[in-house]
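Participant: Compact mmCIF, C-alpha atoms, saved as work.txt, coming up:
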```txt
# COMPACT_ATOMS: atom_id res chain seq x y z
CA ARG A 1 -3.37 7.88 26.80
CA PRO A 2 -2.92 10.48 24.04
CA ASP A 3 -5.56 13.21 23.65
CA ILE A 4 -7.09 12.67 20.22
CA SER A 5 -10.03 15.05 20.26
CA PRO A 6 -10.14 17.40 17.22
CA GLU A 7 -10.08 20.41 19.53
CA ALA A 8 -6.93 19.35 21.35
CA SER A 9 -4.22 21.91 20.71
CA SER A 10 -1.50 23.86 22.44
CA GLU A 11 0.86 26.63 21.55
CA PRO A 12 3.38 25.66 18.87
CA ALA A 13 6.92 25.12 20.08
CA ASP A 14 9.25 28.11 20.13
CA PHE A 15 12.67 28.05 18.46
CA ASN A 16 14.79 31.18 18.87
CA GLY A 17 11.69 33.34 18.89
CA GLU A 18 10.12 31.64 15.85
CA LYS A 19 7.07 29.37 15.93
CA TYR A 20 7.75 26.08 14.23
CA MET A 21 6.05 22.83 13.31
CA ILE A 22 6.92 19.44 14.75
CA ILE A 23 7.08 16.74 12.08
CA PHE A 24 7.09 13.12 13.27
CA THR A 25 8.64 10.69 10.80
CA CYS A 26 8.84 6.90 10.57
CA LYS A 27 9.61 4.06 8.16
CA ASP A 28 7.12 3.38 5.38
CA THR A 29 5.47 0.34 6.97
CA PHE A 30 1.99 0.04 8.47
CA GLU A 31 3.30 -0.95 11.91
CA ASP A 32 5.70 2.02 12.07
CA MET A 33 2.94 4.39 10.96
CA MET A 34 0.66 3.29 13.80
CA SER A 35 3.48 3.79 16.32
CA CYS A 36 4.16 7.21 14.82
CA ILE A 37 0.51 8.21 15.24
CA TYR A 38 0.53 7.05 18.87
CA THR A 39 3.75 8.94 19.68
CA ALA A 40 2.63 12.12 17.91
CA TRP A 41 -0.68 12.22 19.78
CA ALA A 42 0.92 11.27 23.09
CA SER A 43 3.26 14.27 22.75
CA ARG A 44 0.25 16.52 23.50
CA LEU A 45 1.65 19.24 21.26
CA GLY A 46 -1.76 19.75 19.66
CA HIS A 47 -3.03 18.41 16.35
CA LYS A 48 -2.64 21.82 14.70
CA ASN A 49 1.04 21.96 15.55
CA ILE A 50 2.21 18.57 14.29
CA ARG A 51 2.44 16.73 10.99
CA LEU A 52 3.35 13.14 10.20
CA LYS A 53 5.45 11.88 7.29
CA THR A 54 6.94 8.62 6.12
CA GLU A 55 10.62 8.30 5.31
CA PRO A 56 12.69 8.97 3.32
CA ILE A 57 12.15 12.69 3.73
CA GLY A 58 12.91 14.83 0.68
CA ASN A 59 13.69 18.53 1.08
CA LEU A 60 13.60 19.67 4.69
CA GLU A 61 11.31 22.59 5.53
CA LEU A 62 12.35 25.70 7.42
CA PHE A 63 11.17 26.15 11.02
CA CYS A 64 10.33 22.46 11.37
CA ASP A 65 11.62 20.05 13.98
CA TYR A 66 11.86 16.47 12.63
CA ARG A 67 11.50 13.64 15.12
CA HIS A 68 12.01 10.02 14.08
CA VAL A 69 9.74 7.39 15.66
CA ASP A 70 10.70 3.72 15.90
CA HIS A 71 8.22 0.88 15.79
CA ASP A 72 6.80 -0.16 19.15
CA PRO A 73 4.59 -3.31 19.04
CA ASN A 74 2.54 -2.22 22.05
CA GLN A 75 1.80 1.20 20.59
CA THR A 76 0.89 -0.30 17.23
CA ALA A 77 -1.45 -2.83 18.82
CA SER A 78 -3.05 -0.08 20.94
CA VAL A 79 -3.84 2.11 17.91
CA ILE A 80 -5.19 -0.81 15.86
CA ARG A 81 -7.36 -1.99 18.75
CA SER A 82 -8.70 1.53 19.31
CA ILE A 83 -9.60 2.00 15.64
CA GLN A 84 -11.51 -1.28 15.51
CA LYS A 85 -13.35 -0.77 18.81
CA LYS A 86 -14.01 2.98 18.85
CA ILE A 87 -14.60 3.56 15.14
CA SER A 88 -15.22 0.36 13.15
CA PHE A 89 -13.50 -2.53 11.42
CA ARG A 90 -14.39 -0.94 8.09
CA ALA A 91 -12.50 2.20 9.11
CA TYR A 92 -9.51 0.03 10.05
CA GLN A 93 -9.56 -1.59 6.61
CA MET A 94 -9.67 1.83 4.95
CA VAL A 95 -6.76 3.04 7.07
CA TYR A 96 -4.71 -0.06 6.30
CA ARG A 97 -5.24 0.24 2.55
CA ALA A 98 -4.51 3.97 2.62
CA ALA A 99 -1.20 3.16 4.32
CA MET A 100 -0.29 1.07 1.27
CA SER A 101 -0.53 4.13 -1.02
CA PHE A 102 2.51 5.70 -2.68
CA GLN A 103 1.38 9.24 -1.80
CA GLU A 104 3.89 11.16 0.33
CA GLU A 105 1.27 12.74 2.59
CA LYS A 106 -0.61 9.51 3.34
CA LEU A 107 0.42 9.27 7.00
CA ASP A 108 -0.78 12.78 7.81
CA ILE A 109 -4.03 12.09 5.93
CA ILE A 110 -4.57 8.94 8.01
CA SER A 111 -3.87 10.85 11.22
CA ARG A 112 -6.38 13.61 10.34
CA PHE A 113 -9.00 11.00 9.47
CA LEU A 114 -8.53 9.24 12.81
CA ILE A 115 -8.98 12.51 14.70
CA TYR A 116 -12.48 12.77 13.26
CA GLY A 117 -13.02 9.02 13.55
CA PHE A 118 -12.42 8.91 17.30
CA HIS A 119 -14.67 11.93 17.72
CA TYR A 120 -17.63 10.87 15.56
CA GLY A 121 -17.38 7.08 15.67
CA PRO A 122 -18.51 4.65 12.93
CA SER A 123 -20.43 7.31 10.99
CA VAL A 124 -17.18 9.04 10.04
CA VAL A 125 -16.70 6.78 6.99
CA ASN A 126 -19.76 8.41 5.39
CA MET A 127 -18.74 12.01 6.15
CA LEU A 128 -17.25 12.65 2.72
CA GLN A 129 -17.99 16.36 3.02
CA GLU A 130 -15.05 16.56 5.44
CA PRO A 131 -11.72 17.00 3.58
CA ALA A 132 -9.93 14.73 6.06
CA VAL A 133 -12.36 11.89 5.34
CA MET A 134 -12.48 12.51 1.59
CA ASN A 135 -8.69 12.47 1.33
CA LEU A 136 -8.49 9.08 3.00
CA PHE A 137 -11.36 7.79 0.86
CA GLU A 138 -9.40 8.77 -2.27
CA LEU A 139 -6.27 6.96 -1.09
CA ASP A 140 -8.28 3.86 -0.24
CA ARG A 141 -10.00 3.87 -3.63
CA LYS A 142 -6.76 4.22 -5.59
CA VAL A 143 -5.12 1.32 -3.74
CA LEU A 144 -8.19 -0.89 -4.25
CA ASN A 145 -8.33 0.00 -7.96
CA GLU A 146 -4.69 -0.91 -8.49
CA ALA A 147 -5.06 -4.18 -6.58
CA HIS A 148 -8.12 -5.00 -8.71
CA LEU A 149 -6.15 -4.44 -11.92
CA PHE A 150 -3.27 -6.63 -10.78
CA ARG A 151 -5.68 -9.44 -9.97
CA GLU A 152 -6.44 -9.47 -13.70
CA PHE A 153 -3.02 -8.58 -15.15
CA LEU A 154 -0.83 -10.78 -12.94
CA ARG A 155 0.89 -13.66 -14.82
CA PHE A 156 2.78 -16.69 -13.46
CA SER A 157 5.78 -18.55 -14.85
CA GLU A 158 7.14 -21.82 -13.48
CA ILE A 159 10.64 -22.24 -12.04
CA ASP A 160 11.49 -25.56 -10.36
CA HIS A 161 7.81 -26.42 -9.83
CA VAL A 162 7.10 -23.03 -8.22
CA LEU A 163 4.80 -20.51 -9.89
CA ILE A 164 6.40 -17.08 -9.82
CA SER A 165 4.96 -13.72 -10.78
CA HIS A 166 6.69 -10.32 -10.90
CA ILE A 167 4.82 -7.04 -10.53
CA GLU A 168 5.87 -3.40 -10.17
CA PRO A 169 2.87 -1.65 -8.59
CA LYS A 170 2.82 1.98 -7.54
CA CYS A 171 1.06 1.07 -4.29
CA ASP A 172 2.11 -1.74 -1.95
CA VAL A 173 -0.67 -4.17 -2.89
CA LEU A 174 0.97 -7.52 -2.06
CA THR A 175 -0.93 -8.05 1.20
CA ILE A 176 -4.20 -7.26 -0.61
CA LEU A 177 -3.50 -9.67 -3.47
CA ALA A 178 -2.21 -12.55 -1.34
CA PRO A 179 -5.49 -13.71 0.29
CA GLN A 180 -7.28 -13.82 -3.06
CA PHE A 181 -4.61 -15.91 -4.78
CA THR A 182 -4.44 -18.17 -1.72
CA ASP A 183 -8.13 -18.84 -2.23
CA ARG A 184 -7.66 -19.38 -5.99
CA MET A 185 -4.61 -21.66 -5.77
CA PRO A 186 -4.50 -23.25 -2.29
CA SER A 187 -2.63 -26.38 -3.40
CA GLU A 188 0.11 -24.69 -5.45
CA ASN A 189 3.55 -23.43 -4.55
CA TRP A 190 3.65 -19.82 -5.73
CA MET A 191 5.31 -16.46 -5.17
CA ILE A 192 4.28 -12.92 -6.07
CA ILE A 193 7.29 -10.59 -6.11
CA ASP A 194 7.18 -6.80 -5.91
CA ASP A 195 10.27 -5.73 -7.85
CA ASN A 196 9.96 -2.11 -6.71
CA ARG A 197 10.12 -2.92 -3.00
CA TRP A 198 12.10 -6.20 -3.13
CA THR A 199 9.38 -7.97 -1.16
CA ALA A 200 7.48 -11.17 -1.90
CA VAL A 201 4.47 -13.19 -0.83
CA VAL A 202 5.40 -16.87 -0.54
CA HIS A 203 2.69 -19.54 -0.51
CA PRO A 204 3.76 -23.15 0.17
CA CYS A 205 1.35 -25.85 -0.99
CA ASP A 206 -1.68 -26.18 1.32
CA GLN A 207 -0.19 -23.77 3.90
CA ASP A 208 -0.62 -20.15 4.87
CA TYR A 209 1.30 -17.53 2.93
CA TYR A 210 3.96 -15.29 4.46
CA MET A 211 5.82 -12.11 3.53
CA THR A 212 9.57 -11.89 3.05
CA THR A 213 12.22 -9.45 1.87
CA LEU A 214 14.50 -10.49 -0.98
CA SER A 215 18.17 -9.75 -1.49
CA GLU A 216 19.45 -8.53 -4.85
CA ASP A 217 20.91 -11.96 -5.59
CA GLU A 218 17.63 -13.71 -4.77
CA LEU A 219 15.70 -11.27 -6.93
CA ASN A 220 18.00 -11.88 -9.89
CA ARG A 221 17.76 -15.67 -9.53
CA LEU A 222 13.97 -15.44 -9.59
CA LYS A 223 13.74 -13.46 -12.81
CA THR A 224 11.24 -15.01 -15.21
CA SER A 225 11.67 -12.79 -18.28
CA GLU A 226 13.66 -15.46 -20.13
CA ILE A 227 11.55 -18.41 -18.94
CA SER A 228 9.50 -20.13 -21.62
CA ASP A 229 7.36 -23.24 -21.31
CA ILE A 230 4.47 -24.85 -23.16
CA TYR A 231 1.85 -22.87 -21.22
CA THR A 232 3.59 -19.57 -21.92
CA ASP A 233 3.67 -20.36 -25.63
CA LEU A 234 0.02 -21.50 -25.59
CA TRP A 235 -1.05 -18.27 -23.92
CA LYS A 236 0.77 -16.15 -26.50
CA VAL A 237 -0.81 -18.09 -29.37
CA PHE A 238 -4.25 -17.74 -27.76
CA PHE A 239 -3.80 -13.99 -27.32
CA GLU A 240 -2.77 -13.52 -30.96
CA THR A 241 -5.46 -15.85 -32.33
CA ILE A 242 -8.50 -14.29 -30.67
CA GLY A 243 -7.58 -10.80 -31.88
CA VAL A 244 -9.60 -9.40 -34.78
CA GLU A 245 -7.32 -7.29 -36.96
CA ALA A 246 -10.17 -5.16 -38.30
CA ARG A 247 -11.20 -4.22 -34.77
CA LYS A 248 -7.71 -3.51 -33.45
CA ASN A 249 -7.74 -0.33 -31.35
CA PRO A 250 -4.39 0.39 -29.59
CA ARG A 251 -5.68 3.59 -28.02
CA CYS A 252 -8.60 1.82 -26.35
CA GLN A 253 -6.28 -1.01 -25.31
CA ARG A 254 -3.91 1.44 -23.61
CA THR A 255 -6.87 2.90 -21.72
CA MET A 256 -7.99 -0.48 -20.41
CA MET A 257 -4.45 -1.80 -19.96
CA PRO A 258 -1.83 0.97 -19.51
CA LEU A 259 1.62 0.32 -20.91
CA TRP A 260 3.36 0.23 -17.54
CA TYR A 261 1.29 -2.84 -16.53
CA ARG A 262 2.57 -4.86 -19.48
CA LYS A 263 6.23 -5.22 -18.50
CA HIS A 264 5.61 -8.61 -16.84
CA MET A 265 2.59 -9.78 -18.84
CA THR A 266 3.31 -12.96 -20.80
CA GLU A 267 1.41 -11.97 -23.93
CA PHE A 268 3.42 -8.75 -24.37
CA LEU A 269 6.90 -10.17 -23.75
```
Could I get this structure in the form of structure tokens?
Facilitator:
Amino acid sequence: RPDISPEASSEPADFNGEKYMIIFTCKDTFEDMMSCIYTAWASRLGHKNIRLKTEPIGNLELFCDYRHVDHDPNQTASVIRSIQKKISFRAYQMVYRAAMSFQEEKLDIISRFLIYGFHYGPSVVNMLQEPAVMNLFELDRKVLNEAHLFREFLRFSEIDHVLISHIEPKCDVLTILAPQFTDRMPSENWMIIDDNRWTAVVHPCDQDYYMTTLSEDELNRLKTSEISDIYTDLWKVFFETIGVEARKNPRCQRTMMPLWYRKHMTEFL
């Protein structure tokens, strides 16, 4: 069992007389991140001497040893189980959402948070005076905020009796959006596609949703930018009709609805 106490540390590794940092890397998926955390802590190199990063890695740093970690289902399950039992389910939710962030340093932030979490228990989520906790809180909040906006800005178009929506979020919010749209439209066939990551949530009528990865050909065949139907036209007319020209305020509109959200919104196409 890896030593996860905040005080656990050892001398940094030596490389030709120079002290250097060990950086554990993994794929940018939640399961791989949990395996990476397990492997890094099990190495017993000391929390002060290691860092964790998701791939792809940009510029390599001097005096750093990079070690790739592959996903191990048993390690992932062990870390998840430990978070839920030894800290709290709320902490697990925060960690999961933080892992969906686009920030490069998210994995190391999660690891530092868990060090404190396993030491202090459930109360750690309220210890915002600690930088490690505050950093994770910020990641969690940004992911939740973006998911909240896409719940409002997401638009569907129909192709062969399947409702399809395209989004391009900064954070990986598909797994956060899926349960809410399953509750809203349980008896519809629908898909929500993340064009940035080539992934999709697929919901068959009256069944559970599932995640899948799309090929380039599949993504092109599911494009909805040129699709037009009676409901699309009605929505555009409604949007234009309710507007009051005298109260038009583009600056305020951009604040409430940034331009980059509008690429796949029916009323702006």
Participant: May I ask which of the residues A:Val201, A:Leu154, A:Cys36, A:Ile115 is the closest one to Glu168 of chain A, counting only C-alpha atoms?
Facilitator: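 Of A:Val201, A:Leu154, A:Cys36, A:Ile115, the one nearest Glu168 of chain A, counting only C-alpha atoms, is A:Leu154.
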Participant: Counting all atoms listed in the file, I want the residues whose atoms come within 12 Å of (-2.8, 4.7, -3.1) in the file frame, returned as JSON, numbers by chain.
Facilitator: {"A": [94, 95, 96, 97, 98, 99, 100, 101, 102, 103, 104, 105, 106, 107, 109, 135, 136, 137, 138, 139, 140, 141, 142, 143, 144, 145, 146, 147, 169, 170, 171, 172, 173]}
Participant: When distances are computed from all atoms listed in the file, which of A:Val79, A:Thr54, A:Cys64, A:Thr199 shows the smallest separation from Ile37 of chain A?
Facilitator: A:Val79
Participant: Using all atoms listed in the file, which of A:Glu267, A:Arg155, A:Glu216, A:Val202 sits nearest Glu240 of chain A?
Facilitator: A:Glu267
Participant: Grab the atom CA of Ser35 of chain A to atom CA of Ile83 of chain A distance for me, in Å with one decimal place.
Facilitator: 13.2 Å
Participant: Which residue out of A:Asp108, A:Asp217, A:Asp72, A:Asp206 has the minimum interatomic distance to Lys53 of chain A when all atoms listed in the file are used?
Facilitator: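 Using all atoms listed in the file, the shortest distance to Lys53 of chain A belongs to A:Asp108.
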Participant: Within 10 Å of Met265 of chain A, counting all atoms listed in the file, which residues show up once you throw out same-chain ones fewer than 3 positions away? Write them as a PyMOL selection string, please.
Facilitator: chain A and resi 153-156+165-167+225+261-262+268-269
Participant: Pick out the residues sitting within 9 Å of Cys26 of chain A, and hand them over as a count of residues only; count all atoms listed in the file, and ignore anything fewer than 6 positions along from it in its own chain.
Facilitator: 14
Participant: What gap, in Å, lies between atom CA of Tyr120 of chain A and atom CA of Phe30 of chain A?
Facilitator: 23.5 Å
Participant: What does the structure give for the distance between atom CA of Thr175 of chain A and atom CA of Tyr92 of chain A, in Å to one decimal?
Facilitator: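 Distance between the two atoms: 14.7 Å.
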Participant: Between A:Thr266, A:Ser187, A:Thr255, A:Thr25, which residue has the minimum interatomic distance to Lys236 of chain A, considering only C-alpha atoms?
Facilitator: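 Nearest to Lys236 of chain A: A:Thr266.
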